[in-house]
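J.: Below you'll find the structure I mean.
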Amino acid sequence: MVTFVGAGPGAADLITVRGKNLLETADIVIYAGSLVNPELLKYTRDGCSIFNSAEMTLEQVIEVMETGERQNKNIVRLHTGDPSIYGAIREQMDLLSEKGIEYSVVPGVSSFCGAAAALKAEYTLPEVSQTVILTRMEGRTPVPEKEEISRLAAHQASMVIFLSSSMLERLSDKLLAGGYSPDTPAAIVYKASWADEKIVRTSIDRLSTAAKENNIAKTALILVGHFLGDEYERSKLYDPAFTHEFRKGSK
């Protein structure tokens with residue numbers, strides 16, 4: 001069996017219990033070495049074969065899985081955060097299916113959740129935003145035209161921008177073109193939950209400057225939106241005047 005496991009946002013103790021148990025019993029671990037905290041590999045047992053996929057092609061990854069499956073090995077494919085977000089797992093799963101190799105997926109805590117925790121922020125504030133957009137800038141890898149940043153920015157929703165910390169001048173321009181004001185709150189969260197985590201609070205017009213001042217050029221999430229501000233409405237859920245299934249309101 002091959003199991004795709006979400007490693008969590010960085011800190012070794014933020015992997016799920018299920019994910020940790022699978023690492024502890026794995027015969028083979030293929031981990032995304034460019035992003036996964038190597039401290040997680042300490043959960044593996046002696047004799048576990050470990051491969052760094054940052055140095056491998058898709059075909060080489062599948063070859064290791066195929067060989068391990070023939071030998072009846074427990075195989076963990078360890079991805080950063082949650083595998084479903086920029087994990088490139090679909091292409092792996094499709095090839096495994098073609099080869100008749102069984103697999104399963106264990107979710108993980110995404111870095112966008114880790115970033116919110118680091119900021120002590122809530123993405124979905126009443127009367128501010130009830131939508132979270134997870135996206136990235138186009139670079140060497142394109143994005144669909146309809147998902148270009150300025151088009152998404154027009155929604156004025158809470159935004160989390162992955163894989164874009166080296167393109168912040170362009171990102172600011174696109175966010176402004178989409179309708180955000182220059183002083184819209186923003187944050188740069190470098191390596192959320194890692195020991196060397198760094199948080200920079202800024203505004204859209206100062207994203208590039210703030211990153212340069214703090215020597216951040218990669219491994220950071222960009223968060224944008226008024227959920228980072230101080231104005232919002234109280235939730236109806238705990239409003240004493242609001243009636244719902246579990247409580248009768250006072251009015």
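We name chains A, B, ... following the order of the structure tokens; residues begin at 1 in each chain, and ligands are numbered from 1 as shown.
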List every residue of stretch 22-232 of chain A that DSSP, applied to the backbone, labels as strand (DSSP E or B), and write the result as a ChimeraX atom specification.

T.: /A:28-31,49-52,75-79,81,103-106,132-136,158-162,185-190,198-203,220-224

J.: Write a file of the selected residues as a CSV table (one decimal), in the first residue's frame, keeping N, CA and C atoms.

T.:
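Listing of part-v5.csv after writing:
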chain,number,residue,atom,x,y,z
A,28,ILE,N,9.4,2.4,3.5
A,28,ILE,CA,9.9,3.3,2.6
A,28,ILE,C,9.2,4.7,2.8
A,29,VAL,N,10.0,5.8,2.8
A,29,VAL,CA,9.4,7.1,2.9
A,29,VAL,C,10.0,7.9,1.7
A,30,ILE,N,9.2,8.5,0.9
A,30,ILE,CA,9.6,9.4,-0.1
A,30,ILE,C,9.1,10.8,0.3
A,31,TYR,N,10.0,11.7,0.6
A,31,TYR,CA,9.5,13.0,1.2
A,31,TYR,C,10.0,14.2,0.3
A,49,SER,N,13.9,2.9,4.4
A,49,SER,CA,14.6,3.5,3.3
A,49,SER,C,14.0,4.9,3.0
A,50,ILE,N,14.8,5.9,2.9
A,50,ILE,CA,14.3,7.3,2.8
A,50,ILE,C,14.8,7.9,1.4
A,51,PHE,N,13.9,8.5,0.7
A,51,PHE,CA,14.2,9.1,-0.6
A,51,PHE,C,13.7,10.5,-0.6
A,52,ASN,N,14.6,11.4,-1.1
A,52,ASN,CA,14.2,12.8,-1.2
A,52,ASN,C,13.7,13.1,-2.6
A,75,ILE,N,4.7,2.0,2.2
A,75,ILE,CA,5.3,3.1,1.5
A,75,ILE,C,4.5,4.4,1.9
A,76,VAL,N,5.3,5.4,2.4
A,76,VAL,CA,4.7,6.7,2.7
A,76,VAL,C,5.3,7.7,1.8
A,77,ARG,N,4.4,8.4,1.1
A,77,ARG,CA,4.8,9.6,0.2
A,77,ARG,C,4.4,10.8,1.0
A,78,LEU,N,5.4,11.5,1.6
A,78,LEU,CA,5.2,12.6,2.5
A,78,LEU,C,5.3,13.9,1.8
A,79,HIS,N,4.2,14.6,1.8
A,79,HIS,CA,4.1,15.9,1.2
A,79,HIS,C,3.9,17.0,2.2
A,81,GLY,N,2.4,20.3,4.1
A,81,GLY,CA,1.1,20.8,4.4
A,81,GLY,C,0.0,19.7,4.2
A,103,TYR,N,-3.6,2.8,-3.2
A,103,TYR,CA,-3.1,3.9,-2.4
A,103,TYR,C,-4.2,4.6,-1.7
A,104,SER,N,-3.8,5.3,-0.7
A,104,SER,CA,-4.8,6.1,0.1
A,104,SER,C,-4.2,7.5,0.4
A,105,VAL,N,-5.0,8.4,0.9
A,105,VAL,CA,-4.5,9.7,1.2
A,105,VAL,C,-4.8,10.1,2.7
A,106,VAL,N,-3.9,10.6,3.4
A,106,VAL,CA,-4.1,11.1,4.8
A,106,VAL,C,-3.9,12.6,4.7
A,132,VAL,N,-12.4,32.4,1.2
A,132,VAL,CA,-11.0,32.3,1.2
A,132,VAL,C,-10.5,31.9,-0.1
A,133,ILE,N,-9.7,32.7,-0.8
A,133,ILE,CA,-9.1,32.3,-2.1
A,133,ILE,C,-7.7,31.9,-1.9
A,134,LEU,N,-7.4,30.6,-2.3
A,134,LEU,CA,-6.0,30.1,-2.3
A,134,LEU,C,-5.5,30.1,-3.7
A,135,THR,N,-4.4,30.8,-4.0
A,135,THR,CA,-4.0,30.9,-5.3
A,135,THR,C,-2.5,31.1,-5.4
A,136,ARG,N,-2.0,31.4,-6.5
A,136,ARG,CA,-0.6,31.7,-6.7
A,136,ARG,C,-0.4,32.6,-8.0
A,158,SER,N,-10.8,37.2,1.4
A,158,SER,CA,-9.5,36.9,2.0
A,158,SER,C,-8.7,36.1,1.0
A,159,MET,N,-7.5,36.5,0.9
A,159,MET,CA,-6.6,35.8,-0.1
A,159,MET,C,-5.4,35.3,0.5
A,160,VAL,N,-5.0,34.1,0.1
A,160,VAL,CA,-3.7,33.4,0.5
A,160,VAL,C,-3.0,33.1,-0.8
A,161,ILE,N,-1.8,33.7,-0.9
A,161,ILE,CA,-1.1,33.5,-2.2
A,161,ILE,C,0.2,32.7,-1.9
A,162,PHE,N,0.2,31.5,-2.5
A,162,PHE,CA,1.3,30.6,-2.4
A,162,PHE,C,2.4,30.9,-3.5
A,185,PRO,N,-4.6,45.8,4.4
A,185,PRO,CA,-3.7,45.0,5.2
A,185,PRO,C,-3.2,43.7,4.5
A,186,ALA,N,-2.0,43.4,4.8
A,186,ALA,CA,-1.3,42.2,4.2
A,186,ALA,C,-0.3,41.7,5.2
A,187,ALA,N,0.0,40.5,5.0
A,187,ALA,CA,1.0,39.9,5.9
A,187,ALA,C,1.9,38.9,5.1
A,188,ILE,N,3.1,38.8,5.5
A,188,ILE,CA,4.1,37.9,4.9
A,188,ILE,C,4.4,36.9,6.0
A,189,VAL,N,4.1,35.6,5.8
A,189,VAL,CA,4.4,34.6,6.9
A,189,VAL,C,5.5,33.7,6.3
A,190,TYR,N,6.6,33.8,6.9
A,190,TYR,CA,7.8,32.9,6.4
A,190,TYR,C,7.8,31.7,7.3
A,198,LYS,N,8.8,33.6,10.7
A,198,LYS,CA,8.9,35.1,10.7
A,198,LYS,C,7.6,35.7,10.2
A,199,ILE,N,7.1,36.7,10.9
A,199,ILE,CA,5.8,37.3,10.5
A,199,ILE,C,6.1,38.8,10.3
A,200,VAL,N,5.6,39.2,9.1
A,200,VAL,CA,5.7,40.6,8.8
A,200,VAL,C,4.4,41.2,8.4
A,201,ARG,N,3.9,42.1,9.2
A,201,ARG,CA,2.6,42.7,8.9
A,201,ARG,C,2.9,44.0,8.1
A,202,THR,N,2.1,44.2,7.0
A,202,THR,CA,2.4,45.3,6.1
A,202,THR,C,1.1,45.7,5.4
A,203,SER,N,1.2,46.3,4.2
A,203,SER,CA,0.1,46.6,3.4
A,203,SER,C,0.4,46.2,2.0
A,220,ALA,N,7.5,31.6,1.8
A,220,ALA,CA,6.5,32.4,2.6
A,220,ALA,C,5.2,32.5,1.9
A,221,LEU,N,4.2,32.6,2.7
A,221,LEU,CA,2.8,32.8,2.2
A,221,LEU,C,2.5,34.3,2.3
A,222,ILE,N,1.7,34.8,1.3
A,222,ILE,CA,1.3,36.2,1.3
A,222,ILE,C,-0.2,36.2,1.6
A,223,LEU,N,-0.6,36.9,2.7
A,223,LEU,CA,-2.0,37.0,3.1
A,223,LEU,C,-2.5,38.4,2.9
A,224,VAL,N,-3.7,38.5,2.3
A,224,VAL,CA,-4.2,39.8,1.9
A,224,VAL,C,-5.7,39.9,2.2

J.: Out of A:Leu125, A:Ala116, A:Ala32, A:Ile101, which residue has the shortest atom-to-atom distance to A:Tyr86 when counting only C-alpha atoms?

T.: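 Among the listed residues, A:Ala32 lies closest to A:Tyr86.
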
J.: Based on DSSP run over this structure's backbone, return all residues of stretch 131-175 of chain A in helix (DSSP H, G or I), as a list in words.

T.: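 Written out, the helix (DSSP H, G or I) residues of stretch 131-175 of chain A are Glu145, Lys146, Glu147, Ile149, Ser150, Arg151, Leu152, Ala153, Leu168, Glu169, Arg170, Leu171, Ser172, Asp173, Lys174 and Leu175 of chain A.
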
J.: Work out how far atom CA of A:Leu175 is from atom CA of A:Ala153, in Å to one decimal.

T.: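 One can read the atom CA of A:Ala153 to atom CA of A:Leu175 distance as 5.7 Å.
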
J.: Rank A:Gln156, A:Thr67, A:Asn215, A:Asn72 by their smallest atom-to-atom distance to A:Ala26, using only C-alpha atoms, and report the top residue only.

T.: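 The shortest atom-to-atom distance to A:Ala26 comes from A:Asn72.
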
J.: Record the distance separating atom CA of A:Met65 and atom CA of A:Val5, expressed in Å with one decimal.

T.: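 Result for atom CA of A:Met65 versus atom CA of A:Val5: 14.2 Å, one decimal.
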